[in-house]
file target.cif (mmCIF, C-alpha atoms)
data_run
#
loop_
_atom_site.label_atom_id
_atom_site.label_comp_id
_atom_site.auth_asym_id
_atom_site.auth_seq_id
_atom_site.Cartn_x
_atom_site.Cartn_y
_atom_site.Cartn_z
CA MET I 1 30.51 -4.57 112.37
CA SER I 2 33.88 -3.11 113.30
CA SER I 3 36.31 -2.30 110.49
CA ASN I 4 39.26 -2.38 112.89
CA PHE I 5 40.91 -5.47 111.40
CA VAL I 6 44.37 -6.63 112.43
CA ILE I 7 45.26 -7.10 108.74
CA PRO I 8 43.81 -5.42 105.62
CA ALA I 9 40.42 -6.89 104.70
CA PRO I 10 40.61 -8.95 101.48
CA GLN I 11 39.08 -7.60 98.31
CA MET I 12 35.58 -8.92 97.61
CA ALA I 13 34.89 -10.44 94.23
CA ALA I 14 32.08 -8.64 92.40
CA LEU I 15 30.49 -8.99 88.98
CA PRO I 16 29.36 -6.16 86.72
CA VAL I 17 25.62 -6.15 86.01
CA ALA I 18 24.22 -5.35 82.58
CA GLY I 19 22.32 -2.08 82.40
CA THR I 20 23.61 -0.60 85.64
CA GLU I 21 26.74 0.74 87.32
CA ALA I 22 26.02 -1.46 90.34
CA ARG I 23 27.90 -4.69 90.95
CA PHE I 24 26.90 -8.10 92.30
CA PRO I 25 28.97 -9.11 95.38
CA VAL I 26 30.15 -12.72 95.36
CA ARG I 27 29.74 -14.83 98.51
CA ARG I 28 30.28 -18.51 97.71
CA VAL I 29 30.90 -20.43 94.49
CA TYR I 30 29.21 -23.81 94.06
CA CYS I 31 29.78 -26.08 91.06
CA VAL I 32 27.77 -29.06 89.81
CA GLY I 33 29.75 -32.03 88.54
CA ARG I 34 28.87 -34.00 85.38
CA ASN I 35 25.51 -32.35 84.75
CA TYR I 36 25.41 -32.95 80.97
CA ALA I 37 25.04 -36.55 79.79
CA GLY I 38 27.75 -36.21 77.14
CA HIS I 39 30.27 -34.85 79.62
CA ALA I 40 29.38 -37.52 82.18
CA ARG I 41 30.10 -40.18 79.57
CA GLU I 42 33.41 -38.66 78.51
CA MET I 43 34.42 -38.64 82.20
CA GLY I 44 33.53 -42.32 82.52
CA SER I 45 30.24 -41.99 84.43
CA ASP I 46 26.67 -43.17 83.87
CA PRO I 47 24.42 -40.10 83.45
CA THR I 48 21.22 -42.13 83.83
CA ARG I 49 21.90 -43.07 87.44
CA GLU I 50 24.26 -40.57 89.03
CA PRO I 51 22.62 -38.00 91.34
CA PRO I 52 23.97 -34.44 91.34
CA PHE I 53 27.11 -33.76 93.30
CA PHE I 54 28.73 -30.47 94.20
CA PHE I 55 32.10 -28.94 94.91
CA CYS I 56 33.24 -25.41 95.69
CA LYS I 57 35.67 -22.85 94.38
CA PRO I 58 36.91 -19.86 96.37
CA GLY I 59 34.59 -16.89 96.26
CA ASP I 60 37.37 -14.33 96.56
CA ALA I 61 38.69 -11.94 93.97
CA GLN I 62 41.81 -14.06 93.42
CA ALA I 63 39.70 -16.88 91.95
CA VAL I 64 36.54 -15.21 90.59
CA VAL I 65 37.64 -12.92 87.76
CA ALA I 66 35.04 -10.54 86.33
CA VAL I 67 35.52 -10.08 82.57
CA MET I 68 33.78 -7.29 80.67
CA PRO I 69 32.33 -7.79 77.17
CA GLY I 70 34.74 -6.97 74.36
CA VAL I 71 37.77 -7.60 76.58
CA THR I 72 40.03 -10.65 76.47
CA ALA I 73 41.27 -11.08 80.03
CA GLN I 74 44.95 -11.96 80.29
CA LEU I 75 45.27 -14.45 83.15
CA PRO I 76 48.31 -16.29 84.55
CA PHE I 77 48.64 -19.89 83.39
CA PRO I 78 48.38 -22.00 86.55
CA PRO I 79 51.44 -23.75 87.99
CA GLN I 80 52.00 -27.48 88.50
CA THR I 81 49.85 -28.69 85.61
CA SER I 82 50.46 -30.17 82.18
CA ASN I 83 46.79 -30.89 81.46
CA PHE I 84 44.81 -27.67 81.94
CA HIS I 85 41.16 -27.96 80.83
CA HIS I 86 38.36 -25.59 79.85
CA GLU I 87 34.75 -26.12 80.98
CA CYS I 88 32.17 -23.62 79.69
CA GLU I 89 29.17 -23.21 82.00
CA LEU I 90 26.01 -21.25 82.66
CA VAL I 91 26.36 -19.44 86.00
CA ALA I 92 23.28 -18.67 88.11
CA ALA I 93 23.65 -15.83 90.61
CA ILE I 94 21.47 -16.14 93.70
CA GLY I 95 19.61 -12.99 94.72
CA LYS I 96 17.29 -14.42 97.39
CA GLY I 97 18.46 -16.96 99.93
CA GLY I 98 16.80 -20.01 101.38
CA ALA I 99 17.06 -23.64 102.45
CA ASN I 100 15.03 -26.61 101.20
CA ILE I 101 13.77 -24.51 98.29
CA PRO I 102 10.94 -26.19 96.33
CA ILE I 103 11.71 -26.79 92.65
CA GLY I 104 8.72 -24.70 91.63
CA GLU I 105 10.11 -21.68 93.49
CA ALA I 106 13.79 -22.14 92.72
CA LEU I 107 14.07 -19.81 89.73
CA SER I 108 12.59 -16.95 91.76
CA HIS I 109 15.77 -17.06 93.85
CA VAL I 110 17.97 -16.26 90.83
CA PHE I 111 19.06 -12.66 90.36
CA GLY I 112 20.72 -13.25 87.02
CA TYR I 113 22.88 -15.34 84.71
CA ALA I 114 26.35 -15.14 83.20
CA VAL I 115 28.81 -17.19 81.18
CA GLY I 116 31.53 -18.79 83.28
CA LEU I 117 34.57 -21.01 82.92
CA ASP I 118 35.25 -23.77 85.45
CA MET I 119 38.96 -24.09 84.69
CA THR I 120 40.48 -27.38 85.84
CA ARG I 121 43.96 -28.77 86.43
CA ARG I 122 42.80 -32.18 85.21
CA ASP I 123 46.03 -34.00 85.94
CA LEU I 124 46.08 -32.85 89.57
CA GLN I 125 42.38 -33.61 89.96
CA GLY I 126 42.98 -37.12 88.61
CA LYS I 127 45.89 -37.79 90.96
CA MET I 128 43.81 -36.79 93.97
CA LYS I 129 40.88 -38.93 92.83
CA ASP I 130 43.14 -41.95 92.37
CA ALA I 131 44.52 -41.46 95.87
CA GLY I 132 41.07 -41.02 97.42
CA ARG I 133 41.91 -37.47 98.49
CA PRO I 134 40.02 -34.18 98.11
CA TRP I 135 40.66 -32.56 94.72
CA GLU I 136 40.52 -28.85 95.49
CA ILE I 137 43.96 -28.40 93.94
CA GLY I 138 42.45 -29.41 90.62
CA LYS I 139 39.57 -26.95 90.82
CA ALA I 140 40.07 -24.26 93.47
CA PHE I 141 43.20 -22.42 92.32
CA ASP I 142 43.88 -18.79 91.45
CA TYR I 143 42.02 -17.42 88.40
CA SER I 144 40.05 -20.66 88.08
CA ALA I 145 36.60 -19.04 87.72
CA PRO I 146 36.37 -16.28 85.10
CA VAL I 147 32.81 -14.95 84.82
CA GLY I 148 31.32 -12.59 82.24
CA LEU I 149 28.78 -9.79 82.50
CA LEU I 150 25.81 -10.69 84.74
CA HIS I 151 22.40 -10.30 83.08
CA PRO I 152 19.24 -9.97 85.21
CA ALA I 153 17.09 -13.08 84.91
CA ALA I 154 14.11 -11.17 83.49
CA SER I 155 16.22 -10.09 80.50
CA VAL I 156 16.96 -13.69 79.40
CA PRO I 157 13.61 -15.54 79.66
CA GLY I 158 14.69 -18.42 77.40
CA ILE I 159 17.93 -19.24 79.17
CA GLU I 160 16.85 -22.83 79.97
CA LYS I 161 17.02 -23.66 76.24
CA ALA I 162 19.92 -21.43 75.19
CA ALA I 163 22.81 -22.61 73.03
CA ILE I 164 26.12 -22.94 74.89
CA SER I 165 29.52 -23.17 73.20
CA LEU I 166 33.25 -22.65 73.59
CA GLN I 167 35.95 -22.00 71.01
CA VAL I 168 39.71 -22.26 71.42
CA ASP I 169 41.54 -19.96 69.00
CA GLY I 170 38.38 -19.88 66.88
CA VAL I 171 37.94 -23.67 66.75
CA MET I 172 34.70 -25.03 68.22
CA LYS I 173 35.34 -27.41 71.12
CA GLN I 174 32.06 -27.42 73.08
CA ASP I 175 28.67 -27.00 71.40
CA SER I 176 25.40 -27.87 73.14
CA HIS I 177 22.23 -26.42 74.70
CA VAL I 178 21.33 -25.67 78.31
CA SER I 179 18.24 -27.83 77.81
CA HIS I 180 20.59 -30.85 77.82
CA LEU I 181 21.30 -30.44 81.53
CA ILE I 182 20.61 -33.67 83.43
CA TRP I 183 19.43 -31.64 86.42
CA SER I 184 17.75 -28.40 85.34
CA ILE I 185 18.65 -25.02 86.81
CA ALA I 186 15.65 -25.21 89.15
CA GLU I 187 16.38 -28.79 90.19
CA THR I 188 20.02 -27.94 90.84
CA ILE I 189 19.12 -25.00 93.07
CA ALA I 190 16.52 -27.02 94.95
CA ASN I 191 18.92 -29.93 95.50
CA LEU I 192 21.82 -27.71 96.56
CA SER I 193 19.60 -25.88 99.05
CA THR I 194 19.02 -29.13 100.92
CA LEU I 195 22.76 -29.29 101.61
CA PHE I 196 23.56 -25.61 102.19
CA THR I 197 21.50 -22.57 103.05
CA LEU I 198 21.85 -20.47 99.93
CA GLU I 199 22.43 -16.76 100.43
CA PRO I 200 22.37 -13.68 98.20
CA GLY I 201 25.71 -13.45 96.45
CA ASP I 202 26.16 -17.17 95.88
CA LEU I 203 27.14 -18.32 92.38
CA ILE I 204 26.21 -21.73 90.97
CA PHE I 205 28.17 -23.11 88.01
CA THR I 206 25.56 -25.45 86.56
CA GLY I 207 27.78 -27.92 84.68
CA THR I 208 29.62 -28.22 81.37
CA PRO I 209 28.73 -30.01 78.11
CA GLU I 210 30.93 -32.60 76.44
CA GLY I 211 34.04 -31.52 74.58
CA VAL I 212 36.23 -30.41 77.48
CA GLY I 213 39.90 -30.45 76.62
CA ALA I 214 43.37 -29.11 77.19
CA VAL I 215 44.31 -25.44 76.90
CA GLN I 216 47.85 -24.41 76.00
CA ARG I 217 49.56 -21.29 77.23
CA GLY I 218 48.68 -18.34 75.02
CA GLN I 219 45.46 -19.75 73.57
CA THR I 220 42.27 -17.67 73.59
CA LEU I 221 39.04 -19.14 74.95
CA THR I 222 35.73 -17.66 73.81
CA ALA I 223 32.67 -18.89 75.71
CA ARG I 224 29.14 -18.06 74.59
CA ILE I 225 25.61 -18.67 75.83
CA GLU I 226 22.71 -17.42 73.76
CA GLY I 227 21.27 -14.22 75.22
CA LEU I 228 24.31 -13.44 77.40
CA SER I 229 27.49 -11.47 76.80
CA GLU I 230 30.39 -13.62 75.62
CA LEU I 231 33.41 -14.32 77.80
CA SER I 232 36.95 -14.22 76.42
CA VAL I 233 40.12 -15.13 78.32
CA ARG I 234 43.73 -15.94 77.48
CA TYR I 235 46.03 -17.75 79.90
CA VAL I 236 49.61 -16.50 79.52
#
call {"tool": "encode", "arguments": {"input": "target.cif", "output": "structure tokens"}}
result
Amino acid sequence: MSSNFVIPAPQMAALPVAGTEARFPVRRVYCVGRNYAGHAREMGSDPTREPPFFFCKPGDAQAVVAVMPGVTAQLPFPPQTSNFHHECELVAAIGKGGANIPIGEALSHVFGYAVGLDMTRRDLQGKMKDAGRPWEIGKAFDYSAPVGLLHPAASVPGIEKAAISLQVDGVMKQDSHVSHLIWSIAETIANLSTLFTLEPGDLIFTGTPEGVGAVQRGQTLTARIEGLSELSVRYV
């Protein structure tokens, strides 16, 4: 492919990988909505009947922010919001592509896992929902998808039952387990692959537990999933 572009090529988002100097290139970012029963209820939905649904965030380096362990990333507080929410999530990074992937084979398509934050301008999302319009402005803004160190799947064999939590300035706000997912990691991948052909480099944010809430400028968010490196960010 020619590199003779008429403008400079944009920077590719890439995640550091535990145990290596190599990085994981990001292609697309898919997110699952309301995939924990408690969160579905706090958002006014019925978790016993609602099938999985998906939305996307940009996969570029302006949205996907790689955060190294031991570092608190300083990120710009987003404009045009007075109700900015945290959502701690397990992120699955796809290493082998495919379409119509059987559930029993889905986990073999995962390269690794990381902790991620699906940051949300809840007020703007709500306005768009009420108006029957797309709600990208609530989800797909700059610095909306911080992601921690990526761990190869083989190094975290119990990830499907891992504890997941988020603290704001040291106060616990979200506290659950990945086993509480309505649609498991494998089911999510299989379902998503019926809608899109998944490719190496895709990230899947698998959903957030109950306890989402507002973040104020200057507060520090610490997201943890058992077996993975923690993620720490501060919006300033």
call {"tool": "resolve_selection", "arguments": {"input": "target.cif", "expression": "the PyMOL selection byres ((chain I and resi 211-220) around 8)", "output": "ChimeraX atom specification"}}
result
/I:39,72,77,83-87,168-169,173-175,208-210,221-222,232-236
call {"tool": "atom_distance", "arguments": {"input": "target.cif", "atom1": "CA of Leu203 (chain I)", "atom2": "CA of Arg27 (chain I)"}}
result
7.5 Å
call {"tool": "residues_around", "arguments": {"input": "target.cif", "residues": "region 112-127 of chain I", "least_positions_apart": "5", "cutoff": "8 Å", "atoms": "only C-alpha atoms", "output": "NGL selection string"}}
result
:I and (81-95 or 135-139 or 144-154 or 205 or 223-225 or 228-231)
call {"tool": "atom_distance", "arguments": {"input": "target.cif", "atom1": "CA of Val32 (chain I)", "atom2": "CA of Asn100 (chain I)"}}
result
17.3 Å
call {"tool": "atom_distance", "arguments": {"input": "target.cif", "atom1": "CA of His177 (chain I)", "atom2": "CA of Gly158 (chain I)"}}
result
11.3 Å
call {"tool": "closest_residue", "arguments": {"input": "target.cif", "among": "I:Val110, I:Cys31, I:Ile204, I:Ile7", "to": "Val156 (chain I)", "atoms": "all atoms listed in the file"}}
result
I:Val110
call {"tool": "closest_residue", "arguments": {"input": "target.cif", "among": "I:Glu21, I:Asp202, I:Glu50, I:Asp130", "to": "Ile182 (chain I)", "atoms": "only C-alpha atoms"}}
result
I:Glu50
call {"tool": "closest_residue", "arguments": {"input": "target.cif", "among": "I:Glu226, I:Glu105, I:Asp60, I:Glu160", "to": "Thr206 (chain I)", "atoms": "only C-alpha atoms"}}
result
I:Glu160
call {"tool": "residues_around", "arguments": {"input": "target.cif", "residues": "Ser193 (chain I)", "least_positions_apart": "2", "cutoff": "9 Å", "atoms": "all atoms listed in the file", "output": "CSV table (one decimal) with C-alpha atoms, keeping the file's coordinate frame"}}
result
chain,number,residue,atom,x,y,z
I,98,GLY,CA,16.8,-20.0,101.4
I,99,ALA,CA,17.1,-23.6,102.4
I,100,ASN,CA,15.0,-26.6,101.2
I,101,ILE,CA,13.8,-24.5,98.3
I,188,THR,CA,20.0,-27.9,90.8
I,189,ILE,CA,19.1,-25.0,93.1
I,190,ALA,CA,16.5,-27.0,95.0
I,191,ASN,CA,18.9,-29.9,95.5
I,195,LEU,CA,22.8,-29.3,101.6
I,196,PHE,CA,23.6,-25.6,102.2
I,197,THR,CA,21.5,-22.6,103.0
I,198,LEU,CA,21.8,-20.5,99.9
call {"tool": "closest_residue", "arguments": {"input": "target.cif", "among": "I:Gly104, I:Pro79, I:Gly170, I:Pro200", "to": "Tyr143 (chain I)", "atoms": "only C-alpha atoms"}}
result
I:Pro79
call {"tool": "resolve_selection", "arguments": {"input": "target.cif", "expression": "the PyMOL selection byres ((chain I and resi 57) around 7)", "output": "list in words"}}
result
Val29, Tyr30, Cys56, Pro58, Gly59, Lys139 and Ala140 of chain I
call {"tool": "residues_near_point", "arguments": {"input": "target.cif", "point": "(29.9, -8.0, 93.7)", "cutoff": "10 Å", "atoms": "all atoms listed in the file", "output": "list in words"}}
result
Met12, Ala13, Ala14, Leu15, Pro16, Val17, Ala22, Arg23, Phe24, Pro25, Val26, Arg27, Ala61, Ala66 and Gly201 of chain I
call {"tool": "closest_residue", "arguments": {"input": "target.cif", "among": "I:Val65, I:Val178, I:Ala18, I:Ile185", "to": "Ser165 (chain I)", "atoms": "only C-alpha atoms"}}
result
I:Val178
